[in-house]
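Colleague: I have a structure here, written as structure tokens, and I will follow up with some questions on it.
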Number of protein chains: 2
Amino acid sequence: MRMAELSAESGMPVATIKYYLREGLLHPGERTSPNQARYGDDHVQRLKLIRALLDVGGLSVATVGGVLAAIDAREPTNEVLGVTQRALVGGASDVDEEARAWALDLLHKLAAAHGWKFGPEHPAAPGLITTLCTIRALGHPALLDRIEDYATLADRIAEVDLDTLAAHPSLDRIVEAAVVGTVLGDRLFAGLRRFAQAAESGRRYPGGLG
Amino acid sequence: MRMAELSAESGMPVATIKYYLREGLLHPGERTSPNQARYGDDHVQRLKLIRALLDVGGLSVATVGGVLAAIDAREPTNEVLGVTQRALVGGASDVDEEARAWALDLLHKLAAAHGWKFGPEHPAAPGLITTLCTIRALGHPALLDRIEDYATLADRIAEVDLDTLAAHPSLDRIVEAAVVGTVLGDRLFAGLRRFAQAAESGRRYPGGLG
DNA sequence: CCAGGATGGATAGTCACAGTATCCATTATG
DNA sequence: CATAATGGATACTGTGACTATCCATCCTGG
């Protein structure tokens, strides 16, 4: 199909598609002459993925470019997930040395208890350290009292996550499924958590908790 | 303390603090003359909370303003959490009627099975519906096969969430704790999930999953 | 008690990001 | 072959989050 059809099919303006082409999020179409090109269903699919990562995942255009490049390069799944995870968790903000040490210690204990291979080089480590330090700095340490329980439930979630991936038939799209599962999986679970919280709250405080 | 000290104490530029004052995120200081003011530790604390919601929570300045206003108005906890949740989950993007109906049906079944009071008016509903429709539109329905398990685990998480809140001694800061717990709690759990996924993946595919 | 630096408040400027819009030299196509 | 569409380059817009400048007070050390 040509540009106008791709635009109609995907529901997004021609100018925007050209922008994504410029930024390398979308592959150039197949050339039919020095300055003409044809696009296919893969372009439509790719545009959907781009919008999902931008809108629902909340990633930036540059970040989406990095994630898609990793997928296209057929890097090993772990590598692609690393890129994705680094994109999802904010970088390490500057916390003082004492707080960082405390967070590292906490995570080391947690990792030991749960059989995680923890190291500061893990893509999720900087974000987690920042979050822990922030909660502590805000003076809400009680929020961390039950972190052990959260870790246990994270293990259960991860089992389901991996089951889901394993059930995926096509090896070709498994990497994309992993990315979608990571980015949208967080949103999905966060939403379910909201509903569960509301229900639990209603159960415990039938009159509203003031 | 005065502006320069507040700036030093909080580590952020005077111009930025003035900006937050303008936007109503930070209360004006106590007046000492028609055009002079003094600030206190509560201002330092508030600035920390603002940075946490902006940086770690990823909220916009306008959204933070709304959440803080709800806290300051001493609205009921449920109301404040509603504001917070609407801020966290993106609004409803335009999905076609058939997809929306499918998502609503799915959520209704889930809610019935888990004792949730589901309704489209729940603050988390639009975001969840959008996420579900997006996953389906991307052609990864397998990611939803185990949503029942996710919902069950969300219930377990919510129990811990509410336990944590209940353990909080000071009624005065419980609303703030609820907000911090909601905003940073998602980030925290997402980080733990990353580690658990890595561990589970390593357990199942010792050589890396290609 | 007064010179010089700080403050509150208003206004304007900057920068990055995510598109949009305009041009134009080709290409297609009726 | 006249009209419309395309690829590519370049320029423009709008929003969000600051950042800088001004200036009429204020305060404070000498």
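In the structure tokens, the first chain shown is A, the next is B, and so on; residue numbers restart at 1 for each chain, and ligands run from 1 in the order shown.
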Could you list, as a CSV table (one decimal) with N, CA and C atoms, in the first residue's frame, every residue within 7 Å of Arg100 in chain B, counting only C-alpha atoms (C1' of nucleotides) and ignoring same-chain residues fewer than 4 positions away?
Modeller:
chain,number,residue,atom,x,y,z
B,95,VAL,N,-11.2,3.6,21.5
B,95,VAL,CA,-11.2,2.3,21.0
B,95,VAL,C,-12.6,2.0,20.4
B,96,ASP,N,-12.6,1.1,19.5
B,96,ASP,CA,-13.9,0.9,18.8
B,96,ASP,C,-14.9,0.2,19.8
B,104,LEU,N,-15.2,-4.6,28.7
B,104,LEU,CA,-16.1,-4.4,29.8
B,104,LEU,C,-16.6,-5.8,30.3
B,129,ILE,N,-9.3,-0.5,30.8
B,129,ILE,CA,-10.0,-0.8,29.5
B,129,ILE,C,-9.1,-0.5,28.3
B,133,CYS,N,-7.7,-3.3,25.7
B,133,CYS,CA,-7.9,-3.2,24.3
B,133,CYS,C,-6.6,-3.1,23.5
Colleague: Please identify every residue of chain C that has at least one atom no more than 9 Å from any atom of chain B, counting only C-alpha atoms (C1' of nucleotides), and report them as a ChimeraX atom specification.
Modeller: /C:6-9
Colleague: Quick one: write out the picked residues with N, CA and C atoms (P, O5', C5', C4', C3', O3' and C1' of nucleotides) as a PDB file, in the first residue's frame?
Modeller:
ATOM      1  P    DA C   6      22.736  38.422  48.453  1.00  0.00           P
ATOM      2  O5'  DA C   6      21.256  38.486  49.044  1.00  0.00           O
ATOM      3  C5'  DA C   6      21.054  38.208  50.429  1.00  0.00           C
ATOM      4  C4'  DA C   6      19.563  38.209  50.719  1.00  0.00           C
ATOM      5  C3'  DA C   6      18.743  37.240  49.869  1.00  0.00           C
ATOM      6  O3'  DA C   6      17.813  36.586  50.727  1.00  0.00           O
ATOM      7  C1'  DA C   6      17.917  39.453  49.593  1.00  0.00           C
ATOM      8  P    DT C   7      16.782  35.504  50.132  1.00  0.00           P
ATOM      9  O5'  DT C   7      15.501  36.402  49.900  1.00  0.00           O
ATOM     10  C5'  DT C   7      14.927  37.097  51.018  1.00  0.00           C
ATOM     11  C4'  DT C   7      13.586  37.679  50.624  1.00  0.00           C
ATOM     12  C3'  DT C   7      12.714  36.738  49.780  1.00  0.00           C
ATOM     13  O3'  DT C   7      11.431  36.642  50.388  1.00  0.00           O
ATOM     14  C1'  DT C   7      12.930  38.873  48.740  1.00  0.00           C
ATOM     15  P    DG C   8      10.383  35.550  49.884  1.00  0.00           P
ATOM     16  O5'  DG C   8       9.368  36.457  49.074  1.00  0.00           O
ATOM     17  C5'  DG C   8       8.617  37.462  49.761  1.00  0.00           C
ATOM     18  C4'  DG C   8       7.690  38.187  48.803  1.00  0.00           C
ATOM     19  C3'  DG C   8       6.769  37.296  47.979  1.00  0.00           C
ATOM     20  O3'  DG C   8       5.504  37.938  47.926  1.00  0.00           O
ATOM     21  C1'  DG C   8       8.167  38.558  46.524  1.00  0.00           C
ATOM     22  P    DG C   9       4.205  37.265  47.350  1.00  0.00           P
ATOM     23  O5'  DG C   9       4.197  37.827  45.857  1.00  0.00           O
ATOM     24  C5'  DG C   9       4.157  39.247  45.673  1.00  0.00           C
ATOM     25  C4'  DG C   9       4.329  39.572  44.209  1.00  0.00           C
ATOM     26  C3'  DG C   9       3.620  38.613  43.249  1.00  0.00           C
ATOM     27  O3'  DG C   9       2.720  39.363  42.458  1.00  0.00           O
ATOM     28  C1'  DG C   9       5.835  39.064  42.535  1.00  0.00           C
TER      29       DG C   9
END
Colleague: Once you count only C-alpha atoms, what closest atom pair and distance in Å to one decimal does each residue of chain B within 6 Å of chain A have, with rows by chain and rising residue number, as JSON lines?
Modeller:
{"residue": "B:Pro76", "atom": "CA", "partner": "A:Gly210", "partner_atom": "CA", "distance": 4.7}
{"residue": "B:Thr77", "atom": "CA", "partner": "A:Gly210", "partner_atom": "CA", "distance": 5.7}
{"residue": "B:Trp116", "atom": "CA", "partner": "A:Ala199", "partner_atom": "CA", "distance": 5.1}
{"residue": "B:Ala124", "atom": "CA", "partner": "A:Gly191", "partner_atom": "CA", "distance": 5.9}
{"residue": "B:Leu128", "atom": "CA", "partner": "A:Gly191", "partner_atom": "CA", "distance": 5.4}
{"residue": "B:Ala154", "atom": "CA", "partner": "A:Arg193", "partner_atom": "CA", "distance": 4.9}
{"residue": "B:Asp155", "atom": "CA", "partner": "A:Ala196", "partner_atom": "CA", "distance": 5.1}
{"residue": "B:Ala158", "atom": "CA", "partner": "A:Gln197", "partner_atom": "CA", "distance": 4.7}
{"residue": "B:Gly191", "atom": "CA", "partner": "A:Leu128", "partner_atom": "CA", "distance": 5.4}
{"residue": "B:Arg193", "atom": "CA", "partner": "A:Ala154", "partner_atom": "CA", "distance": 4.9}
{"residue": "B:Ala196", "atom": "CA", "partner": "A:Asp155", "partner_atom": "CA", "distance": 5.1}
{"residue": "B:Gln197", "atom": "CA", "partner": "A:Ala158", "partner_atom": "CA", "distance": 4.7}
{"residue": "B:Ala199", "atom": "CA", "partner": "A:Trp116", "partner_atom": "CA", "distance": 5.1}
{"residue": "B:Gly210", "atom": "CA", "partner": "A:Pro76", "partner_atom": "CA", "distance": 4.8}
Colleague: Near chain B, which residues of chain D fall within 10 Å when you count only C-alpha atoms (C1' of nucleotides), and what do they look like as an MDAnalysis selection string?
Modeller: chainID D and resid 16:20 25:27
Colleague: Looking only at alpha helix (DSSP H) from DSSP on the backbone, list the matching residues of chain A as number ranges by chain.
Modeller: A: 3-10, 14-23, 41-51, 61-72, 77-88, 97-114, 125-137, 147-167, 174-204
Colleague: Report, in Å with one decimal, the straight-line distance from CA of Pro28 in chain B to CA of Asp172 in chain B.
Modeller: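 So the answer is 20.9 Å.
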Colleague: Write out as an MDAnalysis selection string the residues lying within 10 Å of DA12 in chain C, counting only C-alpha atoms (C1' of nucleotides) and excluding same-chain residues fewer than 2 positions away.
Modeller: (chainID C and resid 10 14) or (chainID D and resid 20:21)
Colleague: May I have the residues from that selection written out with N, CA and C atoms (P, O5', C5', C4', C3', O3' and C1' of nucleotides), as a tab-separated table (two decimals), in the first residue's frame?
Modeller:
chain	number	residue	atom	x	y	z
C	10	DA	P	1.79	38.70	41.35
C	10	DA	O5'	2.41	39.29	40.01
C	10	DA	C5'	2.74	40.67	39.93
C	10	DA	C4'	3.53	40.93	38.66
C	10	DA	C3'	2.98	40.18	37.44
C	10	DA	O3'	2.78	41.09	36.36
C	10	DA	C1'	5.31	39.77	37.70
C	14	DT	P	15.73	33.72	24.80
C	14	DT	O5'	15.84	32.26	25.40
C	14	DT	C5'	16.49	32.06	26.67
C	14	DT	C4'	16.38	30.61	27.07
C	14	DT	C3'	16.65	29.61	25.95
C	14	DT	O3'	17.65	28.73	26.42
C	14	DT	C1'	14.65	29.05	27.10
D	20	DA	P	19.11	30.21	34.87
D	20	DA	O5'	18.80	31.68	34.34
D	20	DA	C5'	18.24	31.84	33.05
D	20	DA	C4'	17.80	33.27	32.84
D	20	DA	C3'	18.53	34.28	33.72
D	20	DA	O3'	18.93	35.36	32.89
D	20	DA	C1'	16.17	34.49	34.00
D	21	DT	P	19.73	36.62	33.45
D	21	DT	O5'	18.60	37.73	33.51
D	21	DT	C5'	17.69	37.84	32.43
D	21	DT	C4'	16.73	38.99	32.66
D	21	DT	C3'	17.29	40.19	33.44
D	21	DT	O3'	16.84	41.38	32.80
D	21	DT	C1'	15.32	39.40	34.48
Colleague: Please compute the CA of Leu68 in chain A-CA of Ser7 in chain A distance, one decimal, in Å.
Modeller: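 CA of Ser7 in chain A lies 20.4 Å from CA of Leu68 in chain A.
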